[in-house]
file target.csv (CSV, C-alpha atoms (C1' of nucleotides))
chain,number,residue,atom,x,y,z
R,84,MET,CA,-14.4,-19.1,0.3
R,85,ASN,CA,-11.1,-20.9,1.1
R,86,VAL,CA,-7.6,-19.8,0.2
R,87,LYS,CA,-7.6,-21.9,-3.0
R,88,GLU,CA,-10.7,-20.2,-4.3
R,89,LEU,CA,-9.4,-16.7,-3.4
R,90,TYR,CA,-6.2,-17.5,-5.3
R,91,GLU,CA,-8.3,-18.4,-8.4
R,92,GLU,CA,-10.3,-15.2,-8.0
R,93,GLN,CA,-7.0,-13.2,-8.0
R,94,LYS,CA,-5.8,-14.9,-11.1
R,95,GLU,CA,-9.1,-14.0,-12.8
R,96,LEU,CA,-8.9,-10.4,-11.7
R,97,ALA,CA,-5.3,-10.2,-12.9
R,98,LYS,CA,-6.4,-11.1,-16.4
R,99,GLN,CA,-8.6,-8.0,-16.4
R,100,ALA,CA,-5.8,-5.6,-15.4
R,101,ILE,CA,-5.0,-3.0,-17.9
R,102,LEU,CA,-1.3,-2.1,-17.6
R,103,VAL,CA,-1.2,0.9,-19.9
R,104,ASP,CA,-2.3,4.4,-19.2
R,105,SER,CA,-6.1,4.6,-19.5
R,106,PHE,CA,-7.2,8.0,-18.2
R,107,ASP,CA,-7.4,11.4,-19.7
R,108,LYS,CA,-5.9,13.5,-16.9
R,109,MET,CA,-3.9,13.2,-13.7
R,110,GLU,CA,-4.6,16.4,-11.9
R,111,LEU,CA,-5.9,14.8,-8.7
R,112,ILE,CA,-4.1,12.0,-7.0
R,113,GLY,CA,-5.6,9.9,-4.2
R,114,GLY,CA,-3.8,8.2,-1.4
R,115,VAL,CA,-5.2,5.4,0.8
R,116,ASP,CA,-4.1,3.5,3.8
R,117,CYS,CA,-5.3,1.7,6.9
R,118,ALA,CA,-4.6,1.6,10.7
R,119,TYR,CA,-6.0,-0.7,13.4
R,120,PHE,CA,-7.2,-0.7,17.0
R,121,GLU,CA,-8.6,-3.7,18.7
R,122,ASP,CA,-10.7,-5.5,16.1
R,123,ASN,CA,-11.4,-2.4,14.0
R,124,VAL,CA,-9.9,-1.1,10.7
R,125,ILE,CA,-9.7,2.6,10.1
R,126,SER,CA,-9.4,3.3,6.4
R,127,GLY,CA,-8.5,6.8,5.1
R,128,ALA,CA,-8.4,8.4,1.7
R,129,VAL,CA,-7.0,11.8,0.7
R,130,VAL,CA,-6.9,13.7,-2.6
R,131,ILE,CA,-3.9,15.8,-3.5
R,132,ASP,CA,-3.6,18.3,-6.3
R,133,TYR,CA,-0.8,17.1,-8.6
R,134,ASN,CA,0.5,20.5,-9.4
R,135,THR,CA,0.1,22.4,-6.1
R,136,PHE,CA,0.5,19.5,-3.7
R,137,GLU,CA,-2.5,20.8,-1.8
R,138,LEU,CA,-4.9,18.5,0.1
R,139,VAL,CA,-8.3,19.0,-1.6
R,140,ASP,CA,-10.4,16.3,0.1
R,141,LYS,CA,-10.3,13.5,2.6
R,142,ALA,CA,-12.6,10.9,4.1
R,143,TYR,CA,-12.4,7.9,6.4
R,144,ASP,CA,-14.4,4.9,7.6
R,145,VAL,CA,-14.2,2.5,10.6
R,146,LEU,CA,-15.2,-1.1,10.1
R,147,LYS,CA,-14.8,-4.4,11.9
R,148,VAL,CA,-11.8,-6.6,10.8
R,149,ASP,CA,-13.3,-9.5,9.0
R,150,PHE,CA,-10.3,-11.3,7.5
R,151,PRO,CA,-6.9,-12.2,8.9
R,152,TYR,CA,-3.6,-11.1,7.5
R,153,ILE,CA,-2.4,-13.8,5.1
R,154,PRO,CA,0.6,-13.1,2.9
R,155,GLY,CA,-0.6,-12.6,-0.7
R,156,LEU,CA,-4.2,-12.0,0.4
R,157,LEU,CA,-3.9,-8.6,1.9
R,158,ALA,CA,-6.7,-7.3,-0.4
R,159,TYR,CA,-9.2,-9.5,1.3
R,160,ARG,CA,-8.5,-7.7,4.6
R,161,GLU,CA,-8.0,-4.1,3.5
R,162,ALA,CA,-9.6,-3.5,0.1
R,163,VAL,CA,-13.2,-3.2,1.3
R,164,PRO,CA,-12.3,-0.7,4.0
R,165,MET,CA,-10.1,1.3,1.6
R,166,MET,CA,-12.8,1.3,-1.1
R,167,ALA,CA,-15.3,2.5,1.5
R,168,ALA,CA,-13.1,5.5,2.3
R,169,VAL,CA,-12.7,6.3,-1.4
R,170,LYS,CA,-16.4,6.2,-1.9
R,171,LYS,CA,-16.9,8.7,0.8
R,172,LEU,CA,-14.7,11.3,-1.0
R,173,LYS,CA,-16.6,14.2,-2.5
R,174,ILE,CA,-13.9,14.7,-5.1
R,175,ARG,CA,-13.0,11.7,-7.3
R,176,PRO,CA,-9.2,11.3,-7.7
R,177,ASP,CA,-8.0,10.6,-11.3
R,178,ILE,CA,-5.5,8.1,-10.0
R,179,LEU,CA,-5.3,6.2,-6.7
R,180,MET,CA,-2.0,5.5,-4.9
R,181,VAL,CA,-2.5,2.4,-2.7
R,182,ASP,CA,-0.3,1.4,0.2
R,183,GLY,CA,0.8,-2.0,-1.0
R,184,PHE,CA,1.5,-3.7,-4.3
R,185,GLY,CA,-0.2,-3.9,-7.7
R,186,THR,CA,0.8,-6.3,-10.4
R,187,ASN,CA,4.0,-7.3,-8.6
R,188,HIS,CA,2.4,-10.1,-6.7
R,189,PRO,CA,2.5,-13.9,-6.7
R,190,ARG,CA,-0.7,-14.0,-8.8
R,191,ARG,CA,-0.3,-10.5,-10.2
R,192,CYS,CA,-3.2,-9.2,-8.2
R,193,GLY,CA,-1.9,-7.1,-5.3
R,194,ILE,CA,-4.4,-4.8,-3.4
R,195,ALA,CA,-3.8,-1.9,-5.9
R,196,THR,CA,-4.8,-4.1,-8.8
R,197,TYR,CA,-7.8,-5.5,-6.8
R,198,ILE,CA,-9.1,-2.1,-5.9
R,199,GLY,CA,-8.4,-0.6,-9.3
R,200,ILE,CA,-10.5,-3.3,-11.0
R,201,LYS,CA,-13.3,-3.4,-8.4
R,202,LEU,CA,-13.7,0.4,-8.6
R,203,ASP,CA,-12.7,0.7,-12.2
R,204,ILE,CA,-10.3,3.5,-11.4
R,205,PRO,CA,-6.6,3.9,-12.3
R,206,ALA,CA,-4.5,2.6,-9.4
R,207,MET,CA,-0.9,2.1,-8.6
R,208,GLY,CA,0.9,0.4,-5.6
R,209,VAL,CA,3.5,1.8,-3.2
R,210,GLY,CA,5.0,-1.0,-1.2
R,211,LYS,CA,7.4,-0.4,1.8
R,212,SER,CA,9.1,-3.8,1.7
R,213,TYR,CA,10.0,-6.6,-0.7
R,214,MET,CA,7.1,-8.7,-1.9
R,215,TYR,CA,7.8,-11.0,-4.7
R,216,GLY,CA,9.8,-11.5,-7.9
R,217,LYS,CA,13.4,-11.5,-9.2
R,218,VAL,CA,15.3,-8.4,-8.2
R,219,GLU,CA,17.8,-7.0,-10.7
R,220,GLU,CA,19.4,-3.7,-9.9
R,221,ASP,CA,16.6,-1.4,-9.0
R,222,GLU,CA,13.8,-3.3,-10.7
R,223,ILE,CA,11.8,-6.5,-10.2
R,224,TYR,CA,10.8,-9.0,-12.8
R,225,GLN,CA,8.2,-11.8,-13.1
R,226,ASP,CA,8.3,-14.1,-16.0
R,227,GLY,CA,10.8,-11.8,-17.7
R,228,GLU,CA,8.4,-8.9,-17.4
R,229,LYS,CA,9.3,-5.8,-15.5
R,230,VAL,CA,6.6,-5.3,-12.8
R,231,CYS,CA,8.2,-3.1,-10.2
R,232,GLN,CA,10.6,-0.2,-9.8
R,233,LEU,CA,12.6,0.5,-6.6
R,234,LEU,CA,12.8,4.1,-5.7
R,235,TYR,CA,15.3,5.5,-3.2
R,236,SER,CA,14.8,8.9,-1.6
R,237,ARG,CA,17.9,11.0,-0.8
R,238,LYS,CA,17.8,10.1,2.8
R,239,SER,CA,16.5,6.5,3.5
R,240,LYS,CA,18.6,3.5,2.7
R,241,ARG,CA,15.4,1.4,2.2
R,242,PRO,CA,13.6,1.8,-1.1
R,243,VAL,CA,9.9,2.1,-1.9
R,244,TYR,CA,8.5,-0.4,-4.3
R,245,ILE,CA,6.4,1.0,-7.2
R,246,SER,CA,4.1,-1.2,-9.3
R,247,PRO,CA,1.2,-0.5,-11.5
R,248,GLY,CA,-2.3,-1.7,-10.4
R,249,HIS,CA,-4.8,-1.0,-13.1
R,250,ARG,CA,-5.3,1.4,-16.0
R,251,ILE,CA,-1.8,2.7,-15.7
R,252,SER,CA,1.7,1.7,-16.8
R,253,LEU,CA,4.8,1.0,-14.6
R,254,SER,CA,6.6,4.0,-16.1
R,255,THR,CA,3.8,6.4,-15.4
R,256,SER,CA,3.4,5.0,-11.9
R,257,VAL,CA,7.1,5.7,-11.3
R,258,ASP,CA,6.8,9.2,-12.7
R,259,ILE,CA,4.0,10.0,-10.3
R,260,ALA,CA,5.7,8.5,-7.4
R,261,ARG,CA,8.9,10.5,-8.1
R,262,HIS,CA,6.9,13.6,-8.5
R,263,PHE,CA,5.6,13.2,-4.9
R,264,MET,CA,8.9,12.1,-3.4
R,265,ASP,CA,9.8,15.4,-1.8
R,266,GLY,CA,12.4,14.5,0.7
R,267,GLY,CA,10.8,11.6,2.6
R,268,ARG,CA,10.7,7.9,1.7
R,269,ILE,CA,7.0,7.7,1.1
R,270,PRO,CA,5.3,9.5,-1.7
R,271,LEU,CA,3.1,12.4,-0.4
R,272,PRO,CA,-0.4,10.9,-1.2
R,273,VAL,CA,0.3,7.7,0.8
R,274,LYS,CA,2.2,9.6,3.5
R,275,LEU,CA,-0.7,11.9,4.1
R,276,ALA,CA,-3.2,9.0,4.1
R,277,ASP,CA,-1.0,7.3,6.6
R,278,GLU,CA,-0.8,10.4,8.9
R,279,TYR,CA,-4.6,10.9,8.4
R,280,VAL,CA,-5.6,7.4,9.7
R,281,ALA,CA,-3.1,7.6,12.5
R,282,ASP,CA,-4.7,10.9,13.5
R,283,ILE,CA,-8.2,9.5,13.3
R,284,LYS,CA,-7.0,6.6,15.4
R,285,GLN,CA,-5.7,8.9,18.2
R,286,LYS,CA,-8.9,10.9,18.2
R,287,ILE,CA,-11.0,7.7,18.6
R,288,LEU,CA,-8.8,6.3,21.3
R,289,LYS,CA,-8.9,9.6,23.1
R,290,THR,CA,-12.7,9.7,22.9
R,291,VAL,CA,-13.8,6.1,23.4
R,292,HIS,CA,-11.8,4.9,26.4
R,293,THR,CA,-11.8,1.1,26.3
M,141,DG,C1',8.9,-31.5,2.9
M,142,DC,C1',10.9,-26.6,3.0
M,143,DG,C1',10.8,-21.8,2.0
M,144,DA,C1',8.7,-17.4,1.0
M,145,DC,C1',5.1,-13.7,0.3
M,146,DA,C1',2.6,-6.4,1.2
M,147,DG,C1',0.0,-4.7,5.9
B,198,DA,C1',-0.4,-3.5,11.1
B,199,DT,C1',0.7,-3.1,16.4
B,200,DC,C1',3.3,-3.3,21.1
B,201,DT,C1',7.4,0.6,22.7
B,202,DT,C1',12.6,4.1,25.1
B,203,DG,C1',16.1,5.6,24.1
B,204,DT,C1',19.2,6.9,20.8
B,205,DC,C1',22.2,7.6,16.4
B,206,DG,C1',22.4,10.9,12.6
B,207,DC,C1',21.4,14.9,9.4

call {"tool": "encode", "arguments": {"input": "target.csv", "output": "structure tokens"}}
result
Amino acid sequence: MNVKELYEEQKELAKQAILVDSFDKMELIGGVDCAYFEDNVISGAVVIDYNTFELVDKAYDVLKVDFPYIPGLLAYREAVPMMAAVKKLKIRPDILMVDGFGTNHPRRCGIATYIGIKLDIPAMGVGKSYMYGKVEEDEIYQDGEKVCQLLYSRKSKRPVYISPGHRISLSTSVDIARHFMDGGRIPLPVKLADEYVADIKQKILKTVHT
DNA sequence: GCGACAG
DNA sequence: ATCTTGTCGC
């Protein structure tokens, strides 16, 4: 498939995105992220208890990189690995927090939306840098529609970009992100997933000298 | 043609 | 994302 066809697929998936809360509970929140070494992708998923902030489950996978990084097409590089890690979890999270964007995307199909639809699971995006759209104050608009909220932690000067992916609204996504913003810049689920894959990476490099 | 667009 | 030392600040 060429870039043009992938663009079309994203537009089709975007049409299927449900941007209103569509779940009956949010007790377990998942976090997913990726790390790299040579031509491998390490994907990791964690599950955090919304009320106690405890880590209740985690799983990872290591796969060969099979797609380059192309702005706007990150999902085609990291979605399969991330979904593989999520499928290995023993405990299913009620909502998934993905490192990246959701509907705040050139074709309204960031990796959070992509994964949410593919796995039919509520998903939201947590981006670390500007992606797309008209910035007004601390929110971002596309076609006059609010698609992203900037969140600033007490410390950091740089915000985190929150956007809904699938089966969840922007406001609820922001509520959840705020709930897990204890101190640091990155919401807990994503932060733990990030530390998790970084840890797995170190263990692998330490074991397999190459 | 130019610019911009996560990780 | 990743390659990398020291260094400024709470």

call {"tool": "interface_residues", "arguments": {"input": "target.csv", "of": "chain M", "to": "chain R", "cutoff": "12 Å", "atoms": "all atoms listed in the file", "output": "list of chain:residue names"}}
result
M:DA144, M:DC145, M:DA146, M:DG147

call {"tool": "residues_around", "arguments": {"input": "target.csv", "residues": "Arg237 (chain R)", "least_positions_apart": "3", "cutoff": "9 Å", "atoms": "all atoms listed in the file", "output": "PDB file with C-alpha atoms, in the frame of the given file"}}
result
ATOM      1  CA  LYS R 240      18.600   3.500   2.700  1.00  0.00           C
ATOM      2  CA  GLY R 266      12.400  14.500   0.700  1.00  0.00           C
ATOM      3  CA  GLY R 267      10.800  11.600   2.600  1.00  0.00           C
ATOM      4  CA  ARG R 268      10.700   7.900   1.700  1.00  0.00           C
TER       5      ARG R 268
END

call {"tool": "residues_around", "arguments": {"input": "target.csv", "residues": "Arg175 (chain R)", "least_positions_apart": "2", "cutoff": "9 Å", "atoms": "only C-alpha atoms (C1' of nucleotides)", "output": "list in words"}}
result
Leu111, Ile112, Gly113, Val130, Val169, Lys170, Leu172, Lys173, Asp177 and Ile178 of chain R

call {"tool": "closest_residue", "arguments": {"input": "target.csv", "among": "R:Lys286, R:His249, R:Arg241, R:Lys274", "to": "Met207 (chain R)", "atoms": "only C-alpha atoms"}}
result
R:His249

call {"tool": "closest_residue", "arguments": {"input": "target.csv", "among": "R:Tyr119, R:Tyr279, R:Tyr90, R:Phe136", "to": "chain B", "atoms": "all atoms listed in the file"}}
result
R:Tyr119

call {"tool": "atom_distance", "arguments": {"input": "target.csv", "atom1": "CA of Glu110 (chain R)", "atom2": "CA of Glu137 (chain R)"}}
result
11.2 Å

call {"tool": "closest_residue", "arguments": {"input": "target.csv", "among": "R:Val148, R:Ala168, R:Val139, R:Ile131", "to": "chain B", "atoms": "only C-alpha atoms (C1' of nucleotides)"}}
result
R:Val148

call {"tool": "closest_atom_pairs", "arguments": {"input": "target.csv", "of": "chain B", "to": "chain R", "cutoff": "9 Å", "atoms": "only C-alpha atoms (C1' of nucleotides)", "output": "Markdown table"}}
result
| residue | atom | partner | partner_atom | distance |
| --- | --- | --- | --- | --- |
| B:DA198 | C1' | R:Ala118 | CA | 6.6 |
| B:DT199 | C1' | R:Tyr119 | CA | 7.7 |
| B:DC207 | C1' | R:Lys238 | CA | 8.9 |

call {"tool": "atom_distance", "arguments": {"input": "target.csv", "atom1": "CA of Ala276 (chain R)", "atom2": "CA of Lys141 (chain R)"}}
result
8.5 Å

call {"tool": "atom_distance", "arguments": {"input": "target.csv", "atom1": "CA of Asp258 (chain R)", "atom2": "CA of Tyr143 (chain R)"}}
result
27.1 Å

call {"tool": "decode", "arguments": {"input": "target.csv", "residues": "chain B", "atoms": "N, CA and C atoms (P, O5', C5', C4', C3', O3' and C1' of nucleotides)", "output": "PDB file, in the first residue's frame"}}
result
ATOM      1  P    DA B 198      10.614   9.703  22.647  1.00  0.00           P
ATOM      2  O5'  DA B 198      10.789   8.898  21.282  1.00  0.00           O
ATOM      3  C5'  DA B 198      10.076   7.699  21.120  1.00  0.00           C
ATOM      4  C4'  DA B 198      10.930   6.678  20.438  1.00  0.00           C
ATOM      5  C3'  DA B 198      12.355   6.675  20.977  1.00  0.00           C
ATOM      6  O3'  DA B 198      12.839   5.368  21.293  1.00  0.00           O
ATOM      7  C1'  DA B 198      12.350   7.220  18.647  1.00  0.00           C
ATOM      8  P    DT B 199      14.006   5.288  22.328  1.00  0.00           P
ATOM      9  O5'  DT B 199      15.281   5.612  21.439  1.00  0.00           O
ATOM     10  C5'  DT B 199      15.565   4.831  20.299  1.00  0.00           C
ATOM     11  C4'  DT B 199      16.942   5.182  19.787  1.00  0.00           C
ATOM     12  C3'  DT B 199      17.904   5.602  20.915  1.00  0.00           C
ATOM     13  O3'  DT B 199      19.170   5.002  20.737  1.00  0.00           O
ATOM     14  C1'  DT B 199      17.751   7.317  19.292  1.00  0.00           C
ATOM     15  P    DC B 200      20.184   5.129  21.931  1.00  0.00           P
ATOM     16  O5'  DC B 200      21.362   5.989  21.294  1.00  0.00           O
ATOM     17  C5'  DC B 200      21.730   5.792  19.920  1.00  0.00           C
ATOM     18  C4'  DC B 200      22.828   6.772  19.558  1.00  0.00           C
ATOM     19  C3'  DC B 200      23.685   7.186  20.762  1.00  0.00           C
ATOM     20  O3'  DC B 200      25.055   7.228  20.375  1.00  0.00           O
ATOM     21  C1'  DC B 200      22.720   9.106  19.742  1.00  0.00           C
ATOM     22  P    DT B 201      26.177   7.071  21.423  1.00  0.00           P
ATOM     23  O5'  DT B 201      26.060   8.455  22.174  1.00  0.00           O
ATOM     24  C5'  DT B 201      25.940   8.519  23.601  1.00  0.00           C
ATOM     25  C4'  DT B 201      26.368   9.882  24.060  1.00  0.00           C
ATOM     26  C3'  DT B 201      26.334  10.031  25.576  1.00  0.00           C
ATOM     27  O3'  DT B 201      27.414  10.853  25.995  1.00  0.00           O
ATOM     28  C1'  DT B 201      24.857  11.588  24.601  1.00  0.00           C
ATOM     29  P    DT B 202      27.754  10.736  27.526  1.00  0.00           P
ATOM     30  O5'  DT B 202      28.100  12.238  27.886  1.00  0.00           O
ATOM     31  C5'  DT B 202      29.421  12.711  27.628  1.00  0.00           C
ATOM     32  C4'  DT B 202      29.728  13.838  28.591  1.00  0.00           C
ATOM     33  C3'  DT B 202      29.461  13.469  30.047  1.00  0.00           C
ATOM     34  O3'  DT B 202      30.443  14.086  30.881  1.00  0.00           O
ATOM     35  C1'  DT B 202      27.983  15.209  29.370  1.00  0.00           C
ATOM     36  P    DG B 203      30.135  14.271  32.447  1.00  0.00           P
ATOM     37  O5'  DG B 203      29.815  15.824  32.441  1.00  0.00           O
ATOM     38  C5'  DG B 203      30.462  16.655  31.466  1.00  0.00           C
ATOM     39  C4'  DG B 203      29.740  17.978  31.390  1.00  0.00           C
ATOM     40  C3'  DG B 203      29.613  18.675  32.749  1.00  0.00           C
ATOM     41  O3'  DG B 203      29.844  20.087  32.595  1.00  0.00           O
ATOM     42  C1'  DG B 203      27.453  18.276  31.855  1.00  0.00           C
ATOM     43  P    DT B 204      29.773  20.994  33.864  1.00  0.00           P
ATOM     44  O5'  DT B 204      28.244  21.428  33.784  1.00  0.00           O
ATOM     45  C5'  DT B 204      27.740  22.049  32.596  1.00  0.00           C
ATOM     46  C4'  DT B 204      26.319  22.515  32.836  1.00  0.00           C
ATOM     47  C3'  DT B 204      26.099  23.184  34.202  1.00  0.00           C
ATOM     48  O3'  DT B 204      25.223  24.297  34.040  1.00  0.00           O
ATOM     49  C1'  DT B 204      24.607  21.383  33.955  1.00  0.00           C
ATOM     50  P    DC B 205      25.519  25.584  34.974  1.00  0.00           P
ATOM     51  O5'  DC B 205      24.070  26.196  35.141  1.00  0.00           O
ATOM     52  C5'  DC B 205      23.272  26.480  33.975  1.00  0.00           C
ATOM     53  C4'  DC B 205      21.796  26.350  34.333  1.00  0.00           C
ATOM     54  C3'  DC B 205      21.442  26.934  35.709  1.00  0.00           C
ATOM     55  O3'  DC B 205      20.238  27.697  35.605  1.00  0.00           O
ATOM     56  C1'  DC B 205      20.710  24.707  35.582  1.00  0.00           C
ATOM     57  P    DG B 206      19.730  28.424  36.928  1.00  0.00           P
ATOM     58  O5'  DG B 206      18.604  27.418  37.411  1.00  0.00           O
ATOM     59  C5'  DG B 206      17.437  27.204  36.607  1.00  0.00           C
ATOM     60  C4'  DG B 206      16.451  26.352  37.387  1.00  0.00           C
ATOM     61  C3'  DG B 206      16.211  26.822  38.826  1.00  0.00           C
ATOM     62  O3'  DG B 206      14.825  26.650  39.151  1.00  0.00           O
ATOM     63  C1'  DG B 206      16.981  24.601  38.860  1.00  0.00           C
ATOM     64  P    DC B 207      14.305  27.409  40.476  1.00  0.00           P
ATOM     65  O5'  DC B 207      13.458  26.261  41.162  1.00  0.00           O
ATOM     66  C5'  DC B 207      12.398  25.601  40.451  1.00  0.00           C
ATOM     67  C4'  DC B 207      12.006  24.334  41.188  1.00  0.00           C
ATOM     68  C3'  DC B 207      11.723  24.540  42.680  1.00  0.00           C
ATOM     69  O3'  DC B 207      10.715  23.624  43.106  1.00  0.00           O
ATOM     70  C1'  DC B 207      13.537  23.084  42.456  1.00  0.00           C
TER      71       DC B 207
END
